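Structure file protein_14.cif with mmCIF, N, CA and C atoms:
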data_protein
#
loop_
_atom_site.label_atom_id
_atom_site.label_comp_id
_atom_site.auth_asym_id
_atom_site.auth_seq_id
_atom_site.Cartn_x
_atom_site.Cartn_y
_atom_site.Cartn_z
N MET A 1 121.76 104.05 106.14
CA MET A 1 122.90 104.89 106.42
C MET A 1 122.78 106.16 105.58
N LEU A 2 123.41 107.21 106.05
CA LEU A 2 123.51 108.46 105.32
C LEU A 2 124.99 108.70 105.06
N SER A 3 125.34 108.99 103.81
CA SER A 3 126.74 109.25 103.50
C SER A 3 126.87 110.55 102.74
N GLY A 4 128.11 111.06 102.73
CA GLY A 4 128.35 112.30 102.03
C GLY A 4 129.77 112.78 102.24
N LYS A 5 129.93 114.08 102.01
CA LYS A 5 131.23 114.73 102.14
C LYS A 5 131.07 116.03 102.92
N ASP A 6 132.07 116.35 103.72
CA ASP A 6 132.11 117.63 104.45
C ASP A 6 130.81 117.90 105.20
N ASN A 7 130.29 116.87 105.88
CA ASN A 7 129.05 116.98 106.66
C ASN A 7 127.82 117.31 105.83
N HIS A 8 127.86 117.07 104.54
CA HIS A 8 126.70 117.23 103.67
C HIS A 8 126.23 115.85 103.21
N VAL A 9 125.01 115.50 103.53
CA VAL A 9 124.47 114.21 103.12
C VAL A 9 124.22 114.24 101.62
N LEU A 10 124.80 113.28 100.91
CA LEU A 10 124.63 113.18 99.47
C LEU A 10 123.91 111.90 99.05
N SER A 11 123.96 110.87 99.91
CA SER A 11 123.37 109.58 99.55
C SER A 11 122.66 108.95 100.74
N ILE A 12 121.59 108.22 100.45
CA ILE A 12 120.82 107.49 101.45
C ILE A 12 120.92 106.01 101.12
N TRP A 13 121.22 105.20 102.12
CA TRP A 13 121.42 103.76 101.96
C TRP A 13 120.45 103.01 102.87
N PRO A 14 119.24 102.74 102.41
CA PRO A 14 118.29 102.01 103.26
C PRO A 14 118.75 100.56 103.45
N LEU A 15 118.62 100.08 104.66
CA LEU A 15 118.97 98.69 104.98
C LEU A 15 117.73 98.01 105.55
N LYS A 16 117.44 96.82 105.10
CA LYS A 16 116.25 96.10 105.52
C LYS A 16 116.45 95.43 106.89
N ASN A 17 115.49 95.65 107.78
CA ASN A 17 115.53 95.04 109.09
C ASN A 17 115.30 93.53 108.95
N GLU A 18 116.26 92.75 109.39
CA GLU A 18 116.17 91.31 109.24
C GLU A 18 115.43 90.62 110.38
N VAL A 19 115.06 91.34 111.44
CA VAL A 19 114.37 90.71 112.57
C VAL A 19 112.87 90.95 112.56
N LYS A 20 112.37 91.70 111.59
CA LYS A 20 110.92 91.92 111.46
C LYS A 20 110.29 92.38 112.77
N SER A 21 110.88 93.42 113.35
CA SER A 21 110.42 93.92 114.63
C SER A 21 110.28 95.44 114.56
N VAL A 22 109.32 95.98 115.29
CA VAL A 22 109.19 97.44 115.36
C VAL A 22 110.04 98.01 116.49
N SER A 23 110.60 97.13 117.34
CA SER A 23 111.37 97.63 118.47
C SER A 23 112.86 97.26 118.41
N ARG A 24 113.27 96.45 117.47
CA ARG A 24 114.67 96.08 117.32
C ARG A 24 115.04 96.09 115.84
N PHE A 25 116.34 96.34 115.57
CA PHE A 25 116.81 96.41 114.19
C PHE A 25 118.10 95.63 114.07
N PHE A 26 118.22 94.82 113.03
CA PHE A 26 119.44 94.06 112.80
C PHE A 26 119.66 93.88 111.31
N VAL A 27 120.91 94.08 110.89
CA VAL A 27 121.34 93.84 109.52
C VAL A 27 122.65 93.06 109.60
N LYS A 28 122.81 92.05 108.76
CA LYS A 28 124.03 91.25 108.76
C LYS A 28 125.24 92.13 108.45
N LYS A 29 126.34 91.80 109.08
CA LYS A 29 127.59 92.53 108.89
C LYS A 29 127.99 92.60 107.42
N GLU A 30 127.77 91.52 106.67
CA GLU A 30 128.15 91.47 105.25
C GLU A 30 127.37 92.50 104.43
N ILE A 31 126.10 92.70 104.76
CA ILE A 31 125.27 93.68 104.05
C ILE A 31 125.78 95.09 104.33
N VAL A 32 126.09 95.36 105.59
CA VAL A 32 126.62 96.68 105.97
C VAL A 32 127.95 96.94 105.27
N GLU A 33 128.83 95.94 105.29
CA GLU A 33 130.15 96.10 104.65
C GLU A 33 130.02 96.33 103.14
N GLU A 34 129.06 95.67 102.50
CA GLU A 34 128.83 95.87 101.07
C GLU A 34 128.40 97.31 100.79
N SER A 35 127.52 97.84 101.63
CA SER A 35 127.08 99.24 101.48
C SER A 35 128.24 100.20 101.71
N ILE A 36 129.07 99.91 102.71
CA ILE A 36 130.23 100.77 102.99
C ILE A 36 131.19 100.78 101.82
N GLN A 37 131.39 99.65 101.16
CA GLN A 37 132.26 99.61 99.98
C GLN A 37 131.71 100.48 98.86
N LYS A 38 130.41 100.47 98.66
CA LYS A 38 129.78 101.32 97.64
C LYS A 38 129.95 102.79 97.99
N ILE A 39 129.84 103.10 99.28
CA ILE A 39 130.03 104.48 99.74
C ILE A 39 131.46 104.94 99.45
N LYS A 40 132.43 104.08 99.72
CA LYS A 40 133.84 104.40 99.46
C LYS A 40 134.09 104.60 97.97
N GLN A 41 133.41 103.79 97.12
CA GLN A 41 133.57 103.94 95.68
C GLN A 41 133.11 105.32 95.20
N LEU A 42 132.13 105.89 95.92
CA LEU A 42 131.65 107.24 95.60
C LEU A 42 132.52 108.31 96.22
N GLU A 43 133.56 107.89 96.94
CA GLU A 43 134.44 108.79 97.68
C GLU A 43 133.67 109.61 98.71
N GLU A 44 132.73 108.94 99.35
CA GLU A 44 131.96 109.53 100.44
C GLU A 44 132.32 108.81 101.73
N GLN A 45 131.79 109.32 102.83
CA GLN A 45 131.98 108.65 104.12
C GLN A 45 130.62 108.51 104.79
N VAL A 46 130.50 107.51 105.65
CA VAL A 46 129.27 107.33 106.40
C VAL A 46 129.18 108.46 107.43
N LEU A 47 128.11 109.24 107.36
CA LEU A 47 127.91 110.35 108.29
C LEU A 47 127.01 109.96 109.46
N ALA A 48 125.99 109.14 109.17
CA ALA A 48 125.04 108.78 110.22
C ALA A 48 124.32 107.49 109.85
N ILE A 49 123.84 106.84 110.88
CA ILE A 49 122.93 105.72 110.71
C ILE A 49 121.57 106.21 111.15
N TYR A 50 120.57 106.02 110.30
CA TYR A 50 119.24 106.50 110.66
C TYR A 50 118.30 105.33 110.88
N HIS A 51 117.33 105.55 111.73
CA HIS A 51 116.28 104.57 111.96
C HIS A 51 115.06 105.29 112.50
N ASN A 52 113.95 104.58 112.60
CA ASN A 52 112.75 105.24 113.10
C ASN A 52 112.31 104.64 114.42
N HIS A 53 111.54 105.44 115.12
CA HIS A 53 110.86 105.02 116.34
C HIS A 53 109.36 105.16 116.03
N PRO A 54 108.68 104.06 115.75
CA PRO A 54 107.27 104.14 115.35
C PRO A 54 106.35 104.73 116.41
N THR A 55 106.64 104.49 117.70
CA THR A 55 105.70 104.90 118.74
C THR A 55 106.32 105.70 119.87
N THR A 56 107.62 106.01 119.77
CA THR A 56 108.27 106.76 120.84
C THR A 56 108.95 108.01 120.27
N ASP A 57 109.37 108.89 121.17
CA ASP A 57 110.03 110.13 120.78
C ASP A 57 111.37 109.84 120.08
N PRO A 58 111.88 110.81 119.31
CA PRO A 58 113.15 110.61 118.60
C PRO A 58 114.36 110.83 119.51
N VAL A 59 114.47 110.00 120.52
CA VAL A 59 115.55 110.07 121.49
C VAL A 59 116.21 108.69 121.54
N PRO A 60 117.54 108.63 121.53
CA PRO A 60 118.19 107.32 121.56
C PRO A 60 117.79 106.52 122.79
N SER A 61 117.40 105.28 122.56
CA SER A 61 117.10 104.37 123.67
C SER A 61 118.43 103.83 124.22
N SER A 62 118.37 103.18 125.37
CA SER A 62 119.58 102.56 125.90
C SER A 62 120.08 101.49 124.93
N TYR A 63 119.17 100.79 124.26
CA TYR A 63 119.54 99.79 123.25
C TYR A 63 120.25 100.46 122.07
N ASP A 64 119.73 101.62 121.61
CA ASP A 64 120.36 102.36 120.51
C ASP A 64 121.80 102.71 120.85
N VAL A 65 121.99 103.26 122.05
CA VAL A 65 123.32 103.72 122.47
C VAL A 65 124.26 102.53 122.66
N LEU A 66 123.78 101.50 123.32
CA LEU A 66 124.60 100.31 123.58
C LEU A 66 125.09 99.65 122.29
N ASN A 67 124.25 99.64 121.26
CA ASN A 67 124.59 98.96 120.02
C ASN A 67 125.16 99.88 118.94
N HIS A 68 125.40 101.13 119.28
CA HIS A 68 126.00 102.06 118.31
C HIS A 68 127.50 101.78 118.25
N SER A 69 127.99 101.37 117.09
CA SER A 69 129.34 100.80 117.02
C SER A 69 130.47 101.77 116.71
N ASP A 70 130.16 103.00 116.30
CA ASP A 70 131.25 103.88 115.85
C ASP A 70 131.00 105.31 116.31
N ASP A 71 131.88 105.81 117.18
CA ASP A 71 131.74 107.18 117.70
C ASP A 71 131.91 108.24 116.60
N ASN A 72 132.46 107.86 115.44
CA ASN A 72 132.64 108.81 114.34
C ASN A 72 131.43 108.89 113.43
N VAL A 73 130.43 108.06 113.69
CA VAL A 73 129.21 108.04 112.89
C VAL A 73 128.06 108.48 113.80
N ASP A 74 127.28 109.44 113.34
CA ASP A 74 126.17 109.95 114.13
C ASP A 74 124.94 109.07 114.00
N MET A 75 123.90 109.44 114.74
CA MET A 75 122.63 108.70 114.72
C MET A 75 121.50 109.68 114.42
N VAL A 76 120.64 109.31 113.49
CA VAL A 76 119.46 110.11 113.17
C VAL A 76 118.24 109.25 113.49
N ILE A 77 117.29 109.83 114.22
CA ILE A 77 116.08 109.11 114.58
C ILE A 77 114.87 109.88 114.08
N ILE A 78 113.97 109.17 113.41
CA ILE A 78 112.72 109.74 112.91
C ILE A 78 111.59 109.13 113.72
N SER A 79 110.84 109.97 114.41
CA SER A 79 109.74 109.48 115.24
C SER A 79 108.41 109.67 114.52
N TYR A 80 107.58 108.63 114.57
CA TYR A 80 106.23 108.68 114.01
C TYR A 80 105.19 108.63 115.13
N LYS A 81 105.62 109.02 116.33
CA LYS A 81 104.74 108.97 117.50
C LYS A 81 103.51 109.85 117.30
N ASN A 82 103.69 111.01 116.70
CA ASN A 82 102.60 111.96 116.48
C ASN A 82 102.25 112.01 114.99
N ASN A 83 101.29 112.83 114.64
CA ASN A 83 100.84 112.92 113.25
C ASN A 83 101.95 113.35 112.29
N SER A 84 102.77 114.30 112.73
CA SER A 84 103.87 114.78 111.89
C SER A 84 105.17 114.12 112.33
N PRO A 85 105.92 113.51 111.41
CA PRO A 85 107.20 112.91 111.80
C PRO A 85 108.13 113.97 112.37
N LYS A 86 108.92 113.58 113.35
CA LYS A 86 109.89 114.48 113.98
C LYS A 86 111.26 113.81 113.89
N THR A 87 112.27 114.56 113.44
CA THR A 87 113.60 114.02 113.23
C THR A 87 114.61 114.73 114.11
N LYS A 88 115.50 113.94 114.73
CA LYS A 88 116.59 114.48 115.54
C LYS A 88 117.89 113.81 115.12
N TRP A 89 118.99 114.58 115.20
CA TRP A 89 120.32 114.10 114.82
C TRP A 89 121.17 114.14 116.08
N TYR A 90 121.89 113.03 116.35
CA TYR A 90 122.69 112.92 117.57
C TYR A 90 124.12 112.49 117.29
N GLN A 91 125.03 113.02 118.12
CA GLN A 91 126.39 112.52 118.16
C GLN A 91 126.44 111.57 119.37
N ILE A 92 126.92 110.36 119.15
CA ILE A 92 127.00 109.36 120.21
C ILE A 92 128.47 109.18 120.59
N GLN A 93 128.77 109.35 121.86
CA GLN A 93 130.13 109.14 122.37
C GLN A 93 130.06 108.21 123.55
N GLY A 94 130.45 106.96 123.34
CA GLY A 94 130.36 105.97 124.42
C GLY A 94 128.91 105.77 124.82
N SER A 95 128.62 106.02 126.09
CA SER A 95 127.24 105.85 126.57
C SER A 95 126.49 107.18 126.64
N ASN A 96 127.06 108.23 126.06
CA ASN A 96 126.43 109.55 126.08
C ASN A 96 126.03 109.98 124.67
N TYR A 97 125.05 110.87 124.60
CA TYR A 97 124.67 111.42 123.31
C TYR A 97 124.35 112.90 123.46
N VAL A 98 124.58 113.62 122.37
CA VAL A 98 124.33 115.06 122.32
C VAL A 98 123.58 115.35 121.03
N GLU A 99 122.51 116.12 121.13
CA GLU A 99 121.76 116.48 119.92
C GLU A 99 122.58 117.46 119.09
N ARG A 100 122.58 117.25 117.79
CA ARG A 100 123.28 118.14 116.86
C ARG A 100 122.26 118.85 115.99
N LEU A 101 122.58 120.07 115.64
CA LEU A 101 121.72 120.80 114.72
C LEU A 101 121.96 120.31 113.30
N PHE A 102 120.91 120.33 112.50
CA PHE A 102 121.03 120.00 111.09
C PHE A 102 119.97 120.77 110.35
N PHE A 103 120.15 120.94 109.08
CA PHE A 103 119.12 121.58 108.26
C PHE A 103 119.07 120.89 106.90
N ILE A 104 117.92 121.01 106.30
CA ILE A 104 117.72 120.43 104.97
C ILE A 104 117.74 121.57 103.97
N ASP A 105 118.67 121.50 103.05
CA ASP A 105 118.81 122.50 102.01
C ASP A 105 117.86 122.15 100.87
N PRO A 106 116.86 122.97 100.61
CA PRO A 106 115.86 122.63 99.59
C PRO A 106 116.37 122.74 98.15
N SER A 107 117.58 123.23 97.96
CA SER A 107 118.07 123.41 96.58
C SER A 107 118.54 122.19 95.92
#
Translate the structure of the given file into structure tokens.
Amino acid sequence: MLSGKDNHVLSIWPLKNEVKSVSRFFVKKEIVEESIQKIKQLEEQVLAIYHNHPTTDPVPSSYDVLNHSDDNVDMVIISYKNNSPKTKWYQIQGSNYVERLFFIDPS
């Protein structure tokens, strides 16, 4: 997960895939809730859930969209399909998604 304030990512919360699959991702609800409590203690909010696509483009799959649980939390996908990783940020609303612009501040 990515958390922060005012649309600025301040913290990264890696979660371990419990299904040991390159095509599916699952984390127990208790682990997610524990991370969310830590985020709240920092007075941050969850901005996005990120994951990678090892062999496909950084576009939400039907599985990604179907299992996205919160319209207020965005989705970030990092694709390793080509030599250079490619990252896209999406807003998910129901069964639809829209790409959002983002930038990395080097400071």
May I have the residues within 9 Å of Tyr90 (chain A) as a PyMOL selection string, using only C-alpha atoms and disregarding those fewer than 4 positions away in the same chain? chain A and resi 48+59-60+74-77+97-101
Output the residue selection produced by the PyMOL selection byres ((chain A and resi 3) around 7) on the file above, formatted as a short mmCIF file (atom, residue, chain, number, x, y, z; two decimals) with N, CA and C atoms, keeping the file's coordinate frame.
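Everything below was put into selection.cif:
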data_model
loop_
_atom_site.label_atom_id
_atom_site.label_comp_id
_atom_site.auth_asym_id
_atom_site.auth_seq_id
_atom_site.Cartn_x
_atom_site.Cartn_y
_atom_site.Cartn_z
N MET A 1 121.76 104.05 106.14
CA MET A 1 122.90 104.89 106.42
C MET A 1 122.78 106.16 105.58
N LEU A 2 123.41 107.21 106.05
CA LEU A 2 123.51 108.46 105.32
C LEU A 2 124.99 108.70 105.06
N GLY A 4 128.11 111.06 102.73
CA GLY A 4 128.35 112.30 102.03
C GLY A 4 129.77 112.78 102.24
N LYS A 5 129.93 114.08 102.01
CA LYS A 5 131.23 114.73 102.14
C LYS A 5 131.07 116.03 102.92
N HIS A 8 127.86 117.07 104.54
CA HIS A 8 126.70 117.23 103.67
C HIS A 8 126.23 115.85 103.21
N VAL A 9 125.01 115.50 103.53
CA VAL A 9 124.47 114.21 103.12
C VAL A 9 124.22 114.24 101.62
N LEU A 10 124.80 113.28 100.91
CA LEU A 10 124.63 113.18 99.47
C LEU A 10 123.91 111.90 99.05
N SER A 11 123.96 110.87 99.91
CA SER A 11 123.37 109.58 99.55
C SER A 11 122.66 108.95 100.74
N ILE A 12 121.59 108.22 100.45
CA ILE A 12 120.82 107.49 101.45
C ILE A 12 120.92 106.01 101.12
N TRP A 13 121.22 105.20 102.12
CA TRP A 13 121.42 103.76 101.96
C TRP A 13 120.45 103.01 102.87
N ILE A 39 129.84 103.10 99.28
CA ILE A 39 130.03 104.48 99.74
C ILE A 39 131.46 104.94 99.45
N GLU A 44 132.73 108.94 99.35
CA GLU A 44 131.96 109.53 100.44
C GLU A 44 132.32 108.81 101.73
N GLN A 45 131.79 109.32 102.83
CA GLN A 45 131.98 108.65 104.12
C GLN A 45 130.62 108.51 104.79
N VAL A 46 130.50 107.51 105.65
CA VAL A 46 129.27 107.33 106.40
C VAL A 46 129.18 108.46 107.43
N LEU A 47 128.11 109.24 107.36
CA LEU A 47 127.91 110.35 108.29
C LEU A 47 127.01 109.96 109.46
N ALA A 48 125.99 109.14 109.17
CA ALA A 48 125.04 108.78 110.22
C ALA A 48 124.32 107.49 109.85
#
9 Å contact set for Asp70 (chain A), only C-alpha atoms, chain neighbours under 4 positions out, as a ChimeraX atom specification: /A:74,92-94
Restricting the calculation to all atoms listed in the file, which member of A:Asn7, A:Thr87, A:Gln41, A:Ser95 is positioned closest to Leu66 (chain A)?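 Among A:Asn7, A:Thr87, A:Gln41, A:Ser95, it is A:Ser95 that comes nearest to Leu66 (chain A).
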What parts of region 10-83 of chain A does DSSP call strand (DSSP E or B)? I'd like the answer as a list in words.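 Selecting the strand (DSSP E or B) positions of region 10-83 of chain A gives Leu10, Ser11, Ile12, Gln45, Val46, Leu47, Ala48, Ile49, Tyr50, His51, Asn52, His53, Asp74, Met75, Val76, Ile77, Ile78 and Ser79 of chain A.
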Just give me the gap between atom N of Asp71 (chain A) and CA of Gln91 (chain A) in Å, one decimal is fine.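 Interatomic distance here is 8.7 Å.
What separates CA of Ile78 (chain A) from CA of Ile49 (chain A) is a distance of 11.2 Å.
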Which of chain A DSSP labels helix (DSSP H, G or I), written as a list in words: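 Helix (DSSP H, G or I) members of chain A, listed: Lys29, Glu30, Ile31, Val32, Glu33, Glu34, Ser35, Ile36, Gln37, Lys38, Ile39, Lys40, Gln41, Ser62, Tyr63, Asp64, Val65 and Leu66 of chain A.
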Determine the nearest neighbour of Val27 (chain A) from the options A:Asp105, A:Lys88, A:Leu15, A:Pro54, counting all atoms listed in the file. A:Leu15
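Closest approach to Asn83 (chain A) among A:Thr55, A:Gln37, A:Ser107, A:Ser23 is made by A:Thr55 (distances from only C-alpha atoms).
Here the question is which of A:Pro106, A:Lys29, A:Glu34, A:Asn96 gets nearest to Val65 (chain A) using only N, CA and C atoms, and that residue is A:Asn96.
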Return as JSON the centre and edge lengths, in Å with one decimal, of the box along x, y and z that encloses every atom of region 9-26 of chain A in the file, padded by 6 Å per side.
{"center_x": 117.1, "center_y": 103.1, "center_z": 108.8, "size_x": 27.8, "size_y": 36.9, "size_z": 31.4}
